[in-house]
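Asker: Before I ask anything, here is the structure I am working with.
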Amino acid sequence: MKGFGTDEDKLIEIICRRSNEQRQEIQRQYKTHFGKDLIEDIKSETSANFQKLLVGLLRPIVDYYCAELNDAMAGLGTDEEVLIEILCTLSNLEIHTIKNQYLRLYGAHLESELKSETSGNFKRLLISLCTAARDESGRVDPNKAKEDARELLKAGELRVGTDESMFNMILCQRNYQQLKLIFQEYENMTGHSFEKALKKEFSGDIMEGLIAIYKCVTNKADYFASRLHKSMAGIGTNDKQLIRVIITRCEIDLADIKVAFERLYGKSLKSWIKGDTSGHYKHALYALVGEQRSS
């Protein structure tokens, strides 16, 4: 970054091929050596989506999640998709950590922010998830699964209207392995998938939220592959979404997501990124998804 111009390839090589933990250490050393803030320097040397991506990568991952949640609720309107993508997919510990850091960073409780920005059944779903009280024992009980599947059937398809609270309670409290069993039992009883039942009984944000939980239980890589696909499908690109999924999953399961993407959409994630992005931004994304750069 010294002198005229910027060696973007070098920035990509260093920032995009390190872990978040290593990037935090690099930033500390940078400040120690040069008396300057790396993020501020990157901001002055880069622009647009390339800048957003690098700055996002340099933030501690918890701070990044907090910023995304805060952005989703700031100003007029709320980006419910972001709230769903984060709160419906994380573990208890991750949600607790984010809640504590959110309070430190923004001086507000995440839960009270959610309450004021959402409403109805969707609000109740997010508040339940925000308590981060899911059973994570991994223990399964086949009889209890049958019972829960029957309760869900009674709360939805077997009655006029829908008892949302039953869906909320079961999907926010049971562990993932148990939920898998419940969904299987539900399918055995009805002859169709639980997702189909959700689409029939719910609509709007609450439906999207419950389906996100369903998808994370049945196949998390497929869920995030669909989020990447959605960010690039159609006219234009939702770069904020593309950047967020890549940043939050690149150290967890991006290799699995790449495989799922190709299986679901018939073309590689790299080819979609190539078609939707350009320049240094594109090459930085390549590095993060573990692809070699081509023209």
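Each chain in the structure tokens gets a letter, A, B, ..., in the order shown, and its residues are numbered from 1; ligands are numbered from 1 in order too.
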Tell me which protein, DNA and RNA residues are within 9 Å of stretch 108-125 of chain A, counting only C-alpha atoms, leaving out same-chain ones fewer than 3 positions away, and put them as a ChimeraX atom specification.
Answerer: /A:66,69-70,73,77-78,80,83,98-100,102-105,128-131,164-165,168-169,172,204-207,209-210
Asker: Could you write those residues out with N, CA, C and O atoms, as a short mmCIF file (atom, residue, chain, number, x, y, z; two decimals), in the first residue's frame?
Answerer:
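Writing the result to again-v9.cif gives the following:
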data_model
loop_
_atom_site.label_atom_id
_atom_site.label_comp_id
_atom_site.auth_asym_id
_atom_site.auth_seq_id
_atom_site.Cartn_x
_atom_site.Cartn_y
_atom_site.Cartn_z
N CYS A 66 -22.44 -9.06 14.42
CA CYS A 66 -23.15 -7.97 15.11
C CYS A 66 -23.44 -6.82 14.15
O CYS A 66 -24.55 -6.27 14.13
N LEU A 69 -26.24 -7.75 11.75
CA LEU A 69 -27.54 -7.68 12.42
C LEU A 69 -27.96 -6.23 12.63
O LEU A 69 -29.11 -5.85 12.39
N ASN A 70 -27.01 -5.40 13.04
CA ASN A 70 -27.31 -4.00 13.28
C ASN A 70 -27.72 -3.29 11.99
O ASN A 70 -28.72 -2.56 11.95
N MET A 73 -31.24 -3.94 10.83
CA MET A 73 -32.34 -3.30 11.57
C MET A 73 -32.24 -1.78 11.57
O MET A 73 -33.15 -1.10 12.05
N GLY A 77 -37.30 0.28 7.65
CA GLY A 77 -37.41 -1.10 7.18
C GLY A 77 -36.40 -2.02 7.83
O GLY A 77 -35.43 -1.58 8.45
N THR A 78 -36.63 -3.30 7.68
CA THR A 78 -35.78 -4.32 8.30
C THR A 78 -35.47 -5.36 7.25
O THR A 78 -36.35 -5.75 6.49
N GLU A 80 -35.26 -8.75 6.91
CA GLU A 80 -35.59 -9.98 7.66
C GLU A 80 -34.74 -11.16 7.24
O GLU A 80 -34.44 -12.03 8.04
N LEU A 83 -31.69 -11.49 9.37
CA LEU A 83 -32.02 -11.98 10.72
C LEU A 83 -32.23 -13.49 10.69
O LEU A 83 -31.75 -14.22 11.57
N ILE A 98 -22.69 -13.52 20.42
CA ILE A 98 -23.14 -12.38 19.61
C ILE A 98 -23.97 -11.41 20.45
O ILE A 98 -23.79 -10.19 20.38
N LYS A 99 -24.86 -11.94 21.29
CA LYS A 99 -25.70 -11.07 22.14
C LYS A 99 -24.85 -10.21 23.08
O LYS A 99 -25.08 -9.00 23.22
N ASN A 100 -23.87 -10.82 23.71
CA ASN A 100 -23.00 -10.09 24.64
C ASN A 100 -22.19 -9.01 23.92
O ASN A 100 -22.08 -7.88 24.40
N TYR A 102 -22.94 -7.64 21.01
CA TYR A 102 -23.86 -6.65 20.44
C TYR A 102 -24.11 -5.54 21.47
O TYR A 102 -24.08 -4.35 21.15
N LEU A 103 -24.31 -5.95 22.70
CA LEU A 103 -24.55 -4.98 23.78
C LEU A 103 -23.31 -4.09 23.98
O LEU A 103 -23.43 -2.87 24.12
N ARG A 104 -22.13 -4.70 23.93
CA ARG A 104 -20.90 -3.91 24.08
C ARG A 104 -20.71 -2.92 22.93
O ARG A 104 -20.32 -1.78 23.14
N LEU A 105 -20.98 -3.38 21.71
CA LEU A 105 -20.73 -2.54 20.54
C LEU A 105 -21.77 -1.45 20.34
O LEU A 105 -21.44 -0.34 19.93
N SER A 128 -37.50 -16.42 20.52
CA SER A 128 -37.21 -17.79 20.99
C SER A 128 -35.79 -18.20 20.63
O SER A 128 -35.05 -18.76 21.44
N LEU A 129 -35.39 -17.93 19.38
CA LEU A 129 -34.05 -18.30 18.94
C LEU A 129 -32.99 -17.50 19.69
O LEU A 129 -31.91 -18.00 20.01
N CYS A 130 -33.32 -16.25 19.98
CA CYS A 130 -32.39 -15.35 20.64
C CYS A 130 -32.09 -15.78 22.09
O CYS A 130 -31.03 -15.47 22.63
N THR A 131 -33.02 -16.52 22.70
CA THR A 131 -32.75 -17.01 24.07
C THR A 131 -31.67 -18.08 24.04
O THR A 131 -31.05 -18.38 25.07
N GLU A 164 -49.36 -21.60 15.78
CA GLU A 164 -47.95 -21.30 15.53
C GLU A 164 -47.05 -21.63 16.71
O GLU A 164 -45.89 -22.01 16.54
N SER A 165 -47.59 -21.47 17.91
CA SER A 165 -46.74 -21.64 19.10
C SER A 165 -46.15 -23.05 19.20
O SER A 165 -45.03 -23.22 19.67
N ASN A 168 -43.22 -23.22 16.82
CA ASN A 168 -42.16 -22.42 17.40
C ASN A 168 -41.45 -23.20 18.51
O ASN A 168 -40.21 -23.32 18.53
N MET A 169 -42.23 -23.75 19.42
CA MET A 169 -41.66 -24.46 20.57
C MET A 169 -40.80 -25.64 20.12
O MET A 169 -39.65 -25.78 20.55
N CYS A 172 -37.62 -24.61 17.92
CA CYS A 172 -36.59 -23.82 18.60
C CYS A 172 -35.95 -24.54 19.79
O CYS A 172 -34.91 -24.11 20.28
N GLY A 204 -44.83 -15.68 4.29
CA GLY A 204 -44.00 -14.54 4.68
C GLY A 204 -42.78 -14.92 5.50
O GLY A 204 -42.24 -16.02 5.39
N ASP A 205 -42.37 -13.99 6.38
CA ASP A 205 -41.11 -14.16 7.12
C ASP A 205 -41.11 -15.36 8.06
O ASP A 205 -40.10 -16.04 8.19
N ILE A 206 -42.24 -15.61 8.70
CA ILE A 206 -42.30 -16.74 9.63
C ILE A 206 -42.08 -18.05 8.87
O ILE A 206 -41.34 -18.94 9.32
N MET A 207 -42.66 -18.16 7.68
CA MET A 207 -42.45 -19.36 6.86
C MET A 207 -40.97 -19.49 6.49
O MET A 207 -40.37 -20.56 6.63
N GLY A 209 -38.39 -18.30 8.01
CA GLY A 209 -37.61 -18.62 9.20
C GLY A 209 -37.69 -20.09 9.57
O GLY A 209 -36.68 -20.75 9.83
N LEU A 210 -38.92 -20.63 9.57
CA LEU A 210 -39.09 -22.05 9.91
C LEU A 210 -38.44 -22.96 8.87
O LEU A 210 -37.84 -23.98 9.21
#
Asker: Near A:Thr190, counting only C-alpha atoms, which residues have an atom at most 12 Å away, once you skip same-chain residues fewer than 2 positions from it, shown as a list in words?
Answerer: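 Using only C-alpha atoms, the neighbours found are Ala149, Arg150, Leu152, Leu153, Lys154, Gly156, Glu157, Leu158, Phe183, Gln184, Glu185, Tyr186, Glu187, Asn188, His192, Ser193, Phe194, Glu195, Lys196 and Ala197 of chain A.
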Asker: Could the residues in this selection be written to a file with N, CA and C atoms, as an mmCIF file, in the first residue's frame?
Answerer:
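Written out: selection.cif:
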data_model
loop_
_atom_site.group_PDB
_atom_site.id
_atom_site.type_symbol
_atom_site.label_atom_id
_atom_site.label_comp_id
_atom_site.auth_asym_id
_atom_site.auth_seq_id
_atom_site.Cartn_x
_atom_site.Cartn_y
_atom_site.Cartn_z
ATOM 1 N N ALA A 149 -44.276 -35.171 16.248
ATOM 2 C CA ALA A 149 -44.785 -35.130 14.867
ATOM 3 C C ALA A 149 -46.311 -35.070 14.887
ATOM 4 N N ARG A 150 -46.928 -35.836 15.802
ATOM 5 C CA ARG A 150 -48.397 -35.812 15.924
ATOM 6 C C ARG A 150 -48.883 -34.440 16.385
ATOM 7 N N LEU A 152 -47.417 -31.569 15.906
ATOM 8 C CA LEU A 152 -47.263 -30.625 14.792
ATOM 9 C C LEU A 152 -48.383 -30.793 13.774
ATOM 10 N N LEU A 153 -48.756 -32.041 13.570
ATOM 11 C CA LEU A 153 -49.851 -32.335 12.641
ATOM 12 C C LEU A 153 -51.155 -31.739 13.167
ATOM 13 N N LYS A 154 -51.385 -31.918 14.471
ATOM 14 C CA LYS A 154 -52.609 -31.384 15.094
ATOM 15 C C LYS A 154 -52.608 -29.858 15.103
ATOM 16 N N GLY A 156 -51.279 -27.990 12.870
ATOM 17 C CA GLY A 156 -51.275 -27.426 11.523
ATOM 18 C C GLY A 156 -52.313 -28.034 10.612
ATOM 19 N N GLU A 157 -51.911 -29.081 9.934
ATOM 20 C CA GLU A 157 -52.741 -29.622 8.862
ATOM 21 C C GLU A 157 -54.070 -30.232 9.321
ATOM 22 N N LEU A 158 -54.151 -30.626 10.575
ATOM 23 C CA LEU A 158 -55.389 -31.279 11.017
ATOM 24 C C LEU A 158 -56.397 -30.317 11.625
ATOM 25 N N PHE A 183 -39.020 -34.832 11.688
ATOM 26 C CA PHE A 183 -39.386 -34.551 10.294
ATOM 27 C C PHE A 183 -39.641 -35.854 9.536
ATOM 28 N N GLN A 184 -38.831 -36.871 9.852
ATOM 29 C CA GLN A 184 -38.998 -38.176 9.210
ATOM 30 C C GLN A 184 -40.342 -38.797 9.594
ATOM 31 N N GLU A 185 -40.660 -38.728 10.895
ATOM 32 C CA GLU A 185 -41.946 -39.251 11.376
ATOM 33 C C GLU A 185 -43.108 -38.516 10.725
ATOM 34 N N TYR A 186 -42.964 -37.221 10.613
ATOM 35 C CA TYR A 186 -44.020 -36.391 10.011
ATOM 36 C C TYR A 186 -44.280 -36.842 8.580
ATOM 37 N N GLU A 187 -43.178 -37.076 7.871
ATOM 38 C CA GLU A 187 -43.295 -37.536 6.480
ATOM 39 C C GLU A 187 -43.951 -38.911 6.411
ATOM 40 N N ASN A 188 -43.584 -39.786 7.342
ATOM 41 C CA ASN A 188 -44.194 -41.121 7.376
ATOM 42 C C ASN A 188 -45.697 -41.031 7.594
ATOM 43 N N HIS A 192 -45.857 -36.595 2.830
ATOM 44 C CA HIS A 192 -45.137 -35.487 2.187
ATOM 45 C C HIS A 192 -44.168 -34.851 3.177
ATOM 46 N N SER A 193 -43.252 -34.056 2.641
ATOM 47 C CA SER A 193 -42.199 -33.496 3.496
ATOM 48 C C SER A 193 -42.757 -32.451 4.463
ATOM 49 N N PHE A 194 -42.015 -32.258 5.542
ATOM 50 C CA PHE A 194 -42.395 -31.249 6.540
ATOM 51 C C PHE A 194 -42.291 -29.854 5.934
ATOM 52 N N GLU A 195 -41.344 -29.684 5.013
ATOM 53 C CA GLU A 195 -41.202 -28.384 4.337
ATOM 54 C C GLU A 195 -42.479 -28.018 3.588
ATOM 55 N N LYS A 196 -43.063 -29.021 2.952
ATOM 56 C CA LYS A 196 -44.312 -28.782 2.214
ATOM 57 C C LYS A 196 -45.413 -28.330 3.178
ATOM 58 N N ALA A 197 -45.444 -28.942 4.345
ATOM 59 C CA ALA A 197 -46.440 -28.550 5.357
ATOM 60 C C ALA A 197 -46.215 -27.098 5.803
#
Asker: Just checking: using only C-alpha atoms, which residue out of A:Lys200, A:Lys274, A:Arg244, A:Lys180 ends up closest to A:Asn219?
Answerer: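 Using only C-alpha atoms, A:Asn219 sits closest to A:Lys180.
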Asker: Among stretch 2-169 of chain A, which residues carry a DSSP assignment of helix (DSSP H, G or I), reported as a VMD selection string?
Answerer: chain A and resid 8 to 15 20 to 34 38 to 45 48 to 58 61 to 73 80 to 87 92 to 106 110 to 117 120 to 130 142 to 155 164 to 169
Asker: If we count only C-alpha atoms and set the cut-off at 9 Å, which residues sit around A:His229, ignoring sequence neighbours fewer than 2 positions away in its own chain? Please answer as a PyMOL selection string.
Answerer: chain A and resi 224-227+231-233+242+261+265+269+272
Asker: Suppose we keep N, CA and C atoms; can you now write the selection as a compact mmCIF listing (two decimals), in the first residue's frame?
Answerer:
# COMPACT_ATOMS: atom_id res chain seq x y z
N PHE A 224 -26.99 -23.03 2.70
CA PHE A 224 -26.11 -21.91 2.36
C PHE A 224 -25.82 -21.85 0.85
N ALA A 225 -25.84 -23.01 0.18
CA ALA A 225 -25.71 -23.00 -1.28
C ALA A 225 -26.89 -22.24 -1.89
N SER A 226 -28.08 -22.44 -1.32
CA SER A 226 -29.26 -21.74 -1.85
C SER A 226 -29.18 -20.24 -1.57
N ARG A 227 -28.55 -19.86 -0.45
CA ARG A 227 -28.38 -18.43 -0.15
C ARG A 227 -27.40 -17.80 -1.16
N SER A 231 -28.28 -14.96 -4.05
CA SER A 231 -27.58 -13.67 -4.11
C SER A 231 -27.15 -13.33 -5.55
N MET A 232 -27.02 -14.36 -6.39
CA MET A 232 -26.52 -14.13 -7.75
C MET A 232 -27.56 -14.38 -8.84
N ALA A 233 -28.66 -15.06 -8.49
CA ALA A 233 -29.66 -15.40 -9.51
C ALA A 233 -30.39 -14.15 -9.99
N LEU A 242 -23.86 -12.10 -0.77
CA LEU A 242 -22.78 -12.94 -1.29
C LEU A 242 -21.56 -12.84 -0.37
N PHE A 261 -23.64 -26.74 -4.06
CA PHE A 261 -24.02 -25.75 -5.08
C PHE A 261 -24.03 -26.39 -6.47
N TYR A 265 -27.37 -26.80 -8.65
CA TYR A 265 -27.57 -25.84 -9.74
C TYR A 265 -26.83 -26.19 -11.04
N LEU A 269 -19.72 -23.12 -8.31
CA LEU A 269 -19.84 -21.82 -7.63
C LEU A 269 -18.88 -20.83 -8.30
N TRP A 272 -20.34 -19.23 -11.36
CA TRP A 272 -21.35 -18.21 -11.02
C TRP A 272 -20.68 -16.93 -10.55
